[in-house]
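Data block below; observations after.
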Amino acid sequence: MTTEYEAFTAGRACVRIDDLCVVEMTGDDRTTVLNNLTTNDFKRLEVDHGWETFITDVRGRAIGHVCGFNESQRMLMLGCGSQGETLASHIDRYIIREDAVITDRSEAFVGWLISGQQTPAIEGFTPAEAPRLACGSLAIGDASASWFQMPWTSDRDCLVLASANAAEAVEKWLTEQGFPVVDGQVLESARIAAGWPRFGIDCSDANLPQEVDRNEQTISFTKGCYLGQETIARLDALGQVQKKLVKMQISGDAVPATGTKLIDADKPCGEIRSAIVSPTDGQVIAIGYVRRKWFDAGSQLQVADSDQTATVL
């Protein structure tokens, strides 16, 4: 996998993603509805731009983690895995008299991610300055497609999105453009190396947004009221969370399973959520949660039921 990983992280290959979350919102009030249910400020988002954001419930818990884009005729939310149905159902509950229609379009689309870690991804792809994201359209023969700046392995990743009906044509075009499709495990390795949290594995509705440690990218503390805002604002006022997602290096060769506990003097103080053997140096790297005492880089914890240690990076 090392050769494929190197090609992908150099922007010379792509990973096909068949399980994307794609949620579409149309109607004149779509921006207002989305703004009332998310942590970022969609009311000040320009057309053809996006934000990374959490969708929160009344308790301030994260029930979704997506990148939301303001296209001229719709808002589009893109994310990892099977969040679509849950998010569409949740948002629909809060559409009462507003002119807004929410639709889970996940099964209708396929995506291909090209990493931007070393080179610009694709002709026409023009990234925005962080924390904003950009989007645009692609002409691929008779197939219509779009590109989206997605920060999964770097802040310049390019996601090509097309209808499932056009998948064969788009994949052929990408290969001709110099972006052959590589194994999906490559993306898993790259996103863990980058510390990107996959919703449903690394974060869930058990987490408050600040615990995922992407505040600058996902949370506006000036936008005003939204569902769950009181909890998030109160946590910001306190100035700290009790646990936080961090990247770690694990000693030894064994790859800890999701849910493996981290301990100190036999006391639980964290948990590993995702781990892999790095294709570049053979080291085991992981992302997971640690308690506040161990937030700083260099902090060491014991991996439960093993002789391995976890060092916070």
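Quick note on naming: the chains in the structure tokens go A, B, ... in the order shown, residues restart at 1 in each chain, and ligands are numbered from 1 in order of appearance.
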
(request) Can you list, as number ranges by chain, all residues belonging to range 91-243 of chain A that DSSP tags as strand (DSSP E)? (result) A: 101-104, 109-114, 133-140, 143-149, 158-163, 181-182, 243

(message) I want to know what sits within 10 Å of His90 in chain A, based on only C-alpha atoms, with residues of the same chain fewer than 6 positions away left out; could you give that as a list in words?
(response)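 Listed by chain and then number, they are Leu37, Ile55, Thr56, Asp57, Ile63, Gly64, Gly84 and Ile102 of chain A.
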
(message) Here is a test: counting only C-alpha atoms, which residue of A:Asp281, A:Glu168, A:Glu52, A:Glu6 is nearest to Gly111 in chain A?
(response)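 Looking only at the distances to Gly111 in chain A, the closest residue turns out to be A:Glu168.
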
Name the residues of range 35-209 of chain A that come out as alpha helix (DSSP H) in a backbone DSSP run; write them as a compact mmCIF listing (two decimals) with N, CA, C and O atoms, in the first residue's frame.
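Everything below was put into out_33.txt:
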```
# COMPACT_ATOMS: atom_id res chain seq x y z
N ASN A 35 -28.54 27.65 9.45
CA ASN A 35 -27.83 28.47 10.42
C ASN A 35 -28.36 28.26 11.84
O ASN A 35 -27.60 28.34 12.82
N GLY A 84 -26.46 10.78 6.47
CA GLY A 84 -27.46 11.48 5.69
C GLY A 84 -28.88 11.37 6.21
O GLY A 84 -29.58 12.38 6.39
N GLU A 85 -29.33 10.17 6.44
CA GLU A 85 -30.72 9.97 6.87
C GLU A 85 -30.98 10.62 8.23
O GLU A 85 -32.01 11.28 8.43
N THR A 86 -30.02 10.47 9.16
CA THR A 86 -30.18 11.07 10.49
C THR A 86 -30.24 12.58 10.41
O THR A 86 -31.10 13.22 11.04
N LEU A 87 -29.34 13.18 9.62
CA LEU A 87 -29.31 14.64 9.52
C LEU A 87 -30.55 15.18 8.83
O LEU A 87 -31.12 16.19 9.27
N ALA A 88 -30.96 14.54 7.74
CA ALA A 88 -32.15 15.01 7.03
C ALA A 88 -33.38 14.94 7.93
O ALA A 88 -34.20 15.87 7.96
N SER A 89 -33.52 13.86 8.69
CA SER A 89 -34.66 13.72 9.59
C SER A 89 -34.62 14.76 10.70
O SER A 89 -35.64 15.36 11.05
N HIS A 90 -33.44 14.98 11.24
CA HIS A 90 -33.28 15.96 12.33
C HIS A 90 -33.63 17.37 11.85
O HIS A 90 -34.40 18.09 12.50
N ILE A 91 -33.07 17.77 10.72
CA ILE A 91 -33.31 19.12 10.21
C ILE A 91 -34.77 19.30 9.82
O ILE A 91 -35.37 20.35 10.08
N ASP A 92 -35.36 18.28 9.24
CA ASP A 92 -36.77 18.37 8.82
C ASP A 92 -37.71 18.64 10.00
O ASP A 92 -38.73 19.31 9.83
N ARG A 93 -37.36 18.15 11.17
CA ARG A 93 -38.19 18.39 12.37
C ARG A 93 -38.32 19.88 12.68
O ARG A 93 -39.29 20.31 13.29
N ALA A 167 -20.87 7.62 -12.74
CA ALA A 167 -19.66 7.21 -12.04
C ALA A 167 -18.62 6.60 -12.98
O ALA A 167 -17.43 6.91 -12.89
N GLU A 168 -19.04 5.74 -13.88
CA GLU A 168 -18.09 5.07 -14.77
C GLU A 168 -17.37 6.08 -15.65
O GLU A 168 -16.14 6.03 -15.81
N ALA A 169 -18.11 7.03 -16.21
CA ALA A 169 -17.52 8.03 -17.08
C ALA A 169 -16.57 8.94 -16.31
O ALA A 169 -15.47 9.30 -16.80
N VAL A 170 -16.96 9.34 -15.10
CA VAL A 170 -16.12 10.23 -14.31
C VAL A 170 -14.84 9.53 -13.87
O VAL A 170 -13.74 10.10 -13.92
N GLU A 171 -14.95 8.28 -13.47
CA GLU A 171 -13.77 7.54 -13.05
C GLU A 171 -12.80 7.34 -14.20
O GLU A 171 -11.58 7.45 -14.04
N LYS A 172 -13.31 7.08 -15.38
CA LYS A 172 -12.47 6.96 -16.57
C LYS A 172 -11.76 8.28 -16.84
O LYS A 172 -10.56 8.31 -17.14
N TRP A 173 -12.49 9.39 -16.73
CA TRP A 173 -11.92 10.71 -16.97
C TRP A 173 -10.82 11.02 -15.95
O TRP A 173 -9.75 11.54 -16.30
N LEU A 174 -11.06 10.71 -14.67
CA LEU A 174 -10.05 10.96 -13.64
C LEU A 174 -8.77 10.17 -13.92
O LEU A 174 -7.66 10.70 -13.77
N THR A 175 -8.92 8.93 -14.34
CA THR A 175 -7.76 8.11 -14.67
C THR A 175 -6.98 8.73 -15.82
O THR A 175 -5.74 8.81 -15.80
N GLU A 176 -7.70 9.19 -16.83
CA GLU A 176 -7.05 9.83 -17.99
C GLU A 176 -6.35 11.12 -17.59
O GLU A 176 -5.35 11.52 -18.22
N GLY A 184 -9.28 2.09 -0.86
CA GLY A 184 -9.88 2.97 0.13
C GLY A 184 -9.14 3.03 1.45
O GLY A 184 -9.25 4.03 2.19
N GLN A 185 -8.37 2.00 1.78
CA GLN A 185 -7.61 2.01 3.02
C GLN A 185 -6.56 3.11 3.02
O GLN A 185 -6.13 3.58 4.08
N VAL A 186 -6.15 3.54 1.83
CA VAL A 186 -5.20 4.64 1.72
C VAL A 186 -5.78 5.91 2.35
O VAL A 186 -5.09 6.63 3.08
N LEU A 187 -7.04 6.19 2.07
CA LEU A 187 -7.69 7.36 2.65
C LEU A 187 -7.79 7.22 4.16
O LEU A 187 -7.56 8.19 4.91
N GLU A 188 -8.11 6.03 4.64
CA GLU A 188 -8.20 5.81 6.08
C GLU A 188 -6.86 6.11 6.75
O GLU A 188 -6.80 6.77 7.79
N SER A 189 -5.77 5.66 6.13
CA SER A 189 -4.45 5.93 6.69
C SER A 189 -4.13 7.41 6.66
O SER A 189 -3.60 7.97 7.64
N ALA A 190 -4.45 8.06 5.55
CA ALA A 190 -4.11 9.48 5.40
C ALA A 190 -4.91 10.37 6.34
O ALA A 190 -4.39 11.33 6.91
N ARG A 191 -6.18 10.04 6.54
CA ARG A 191 -6.99 10.91 7.42
C ARG A 191 -6.61 10.70 8.88
O ARG A 191 -6.64 11.65 9.67
N ILE A 192 -6.21 9.49 9.29
CA ILE A 192 -5.75 9.28 10.65
C ILE A 192 -4.42 10.01 10.86
O ILE A 192 -4.21 10.67 11.89
N ALA A 193 -3.52 9.94 9.88
CA ALA A 193 -2.25 10.65 9.97
C ALA A 193 -2.46 12.15 10.10
O ALA A 193 -1.70 12.85 10.77
N ALA A 194 -3.54 12.66 9.46
CA ALA A 194 -3.85 14.08 9.52
C ALA A 194 -4.66 14.46 10.75
O ALA A 194 -4.86 15.64 11.05
```

Each range 29-83 of chain A residue no farther than 8 Å from range 197-220 of chain A, nearest pair in Å, only C-alpha atoms, as JSON lines:
```
{"residue": "A:Thr39", "atom": "CA", "partner": "A:Ile219", "partner_atom": "CA", "distance": 4.9}
{"residue": "A:Asn40", "atom": "CA", "partner": "A:Ile219", "partner_atom": "CA", "distance": 4.8}
{"residue": "A:Asp41", "atom": "CA", "partner": "A:Ser220", "partner_atom": "CA", "distance": 6.0}
{"residue": "A:Trp51", "atom": "CA", "partner": "A:Thr218", "partner_atom": "CA", "distance": 7.0}
{"residue": "A:Glu52", "atom": "CA", "partner": "A:Thr218", "partner_atom": "CA", "distance": 5.1}
{"residue": "A:Thr53", "atom": "CA", "partner": "A:Thr218", "partner_atom": "CA", "distance": 4.4}
{"residue": "A:Phe54", "atom": "CA", "partner": "A:Thr218", "partner_atom": "CA", "distance": 6.6}
{"residue": "A:Gly60", "atom": "CA", "partner": "A:Leu208", "partner_atom": "CA", "distance": 6.3}
{"residue": "A:Arg61", "atom": "CA", "partner": "A:Leu208", "partner_atom": "CA", "distance": 4.7}
{"residue": "A:Ala62", "atom": "CA", "partner": "A:Asp205", "partner_atom": "CA", "distance": 4.8}
{"residue": "A:Ile63", "atom": "CA", "partner": "A:Asp205", "partner_atom": "CA", "distance": 4.7}
{"residue": "A:Gly64", "atom": "CA", "partner": "A:Phe199", "partner_atom": "CA", "distance": 7.0}
{"residue": "A:His65", "atom": "CA", "partner": "A:Phe199", "partner_atom": "CA", "distance": 6.3}
{"residue": "A:Cys80", "atom": "CA", "partner": "A:Arg198", "partner_atom": "CA", "distance": 6.2}
{"residue": "A:Gly81", "atom": "CA", "partner": "A:Phe199", "partner_atom": "CA", "distance": 7.2}
{"residue": "A:Gln83", "atom": "CA", "partner": "A:Phe199", "partner_atom": "CA", "distance": 8.0}
```

(request) Point out the residue among A:Pro256, A:Gly288, A:Gly11, A:Gly27 with the least atom-to-atom distance to Asp99 in chain A, counting only C-alpha atoms. (result)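 Of A:Pro256, A:Gly288, A:Gly11, A:Gly27, the one nearest Asp99 in chain A, counting only C-alpha atoms, is A:Gly27.
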
(request) List the neighbours of Ala128 in chain A out to 12 Å using only C-alpha atoms; skip same-chain residues closer than 2 positions along the sequence, and give me the result as an NGL selection string. (result) :A and (46 or 48-51 or 125-126 or 130-136 or 148-151 or 155-158)

(message) For a test of reading the model, state the distance in Å between CA of Trp147 in chain A and CA of Gln177 in chain A, rounded to one decimal.
(response)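 CA of Gln177 in chain A lies at a distance of 14.7 Å from CA of Trp147 in chain A.
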
(request) Give me, please, the distance in Å between CA of Ile250 in chain A and CA of Cys269 in chain A, quoted to one decimal. (result)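 Separation between CA of Ile250 in chain A and CA of Cys269 in chain A: 15.6 Å.
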
(request) Could you check which of A:Ile140, A:Leu45, A:Ala297, A:Val58 is closest to Gln229 in chain A, using only C-alpha atoms? (result)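 Nearest candidate to Gln229 in chain A out of A:Ile140, A:Leu45, A:Ala297, A:Val58: A:Val58.
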
(request) Compile the contact shell of Pro268 in chain A as a list in words: residues with an atom at most 10 Å away, counting only C-alpha atoms, same-chain residues fewer than 3 positions apart removed. (result)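 So the residues in contact are Lys261, Leu262, Ile263, Asp264, Ala265, Glu271, Val290, Arg291, Leu301, Gln302, Val303 and Ala304 of chain A.
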
(message) What's the separation between CA of Phe295 in chain A and CA of Ala237 in chain A, in Å to one decimal place?
(response)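 Computing it gives 19.0 Å between the two atoms.
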
(request) Give the answer as one residue: which of A:Arg59, A:Arg292, A:Arg74, A:Arg30 has the shortest atom-to-atom distance to Arg234 in chain A, using only C-alpha atoms? (result)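 Checking each candidate against Arg234 in chain A, we get A:Arg59 as the closest.
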
(request) Excluding Tyr289 in chain A and any residue of its chain fewer than 4 positions from it, enumerate the residues within 6 Å of it, using only C-alpha atoms, and give them as a PyMOL selection string. (result) chain A and resi 244-245+270-271

(request) Find the residues around Ser251 in chain A up to 8 Å (only C-alpha atoms counted), leave out those fewer than 5 positions away in its own chain, and share them as a PyMOL selection string. (result) chain A and resi 283-284+308-310

(message) Env of range 163-166 of chain A: 9 Å cut, atoms = only C-alpha atoms, seq-sep filter 5 positions within chain, self excluded. Answer as a list in words.
(response)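 Residues near the query, excluding close chain neighbours: Asp18, Glu107, Ala108, Phe109, Val110, Gly111, Asp142, Ala143, Ser144, Ala145 and Glu171 of chain A.
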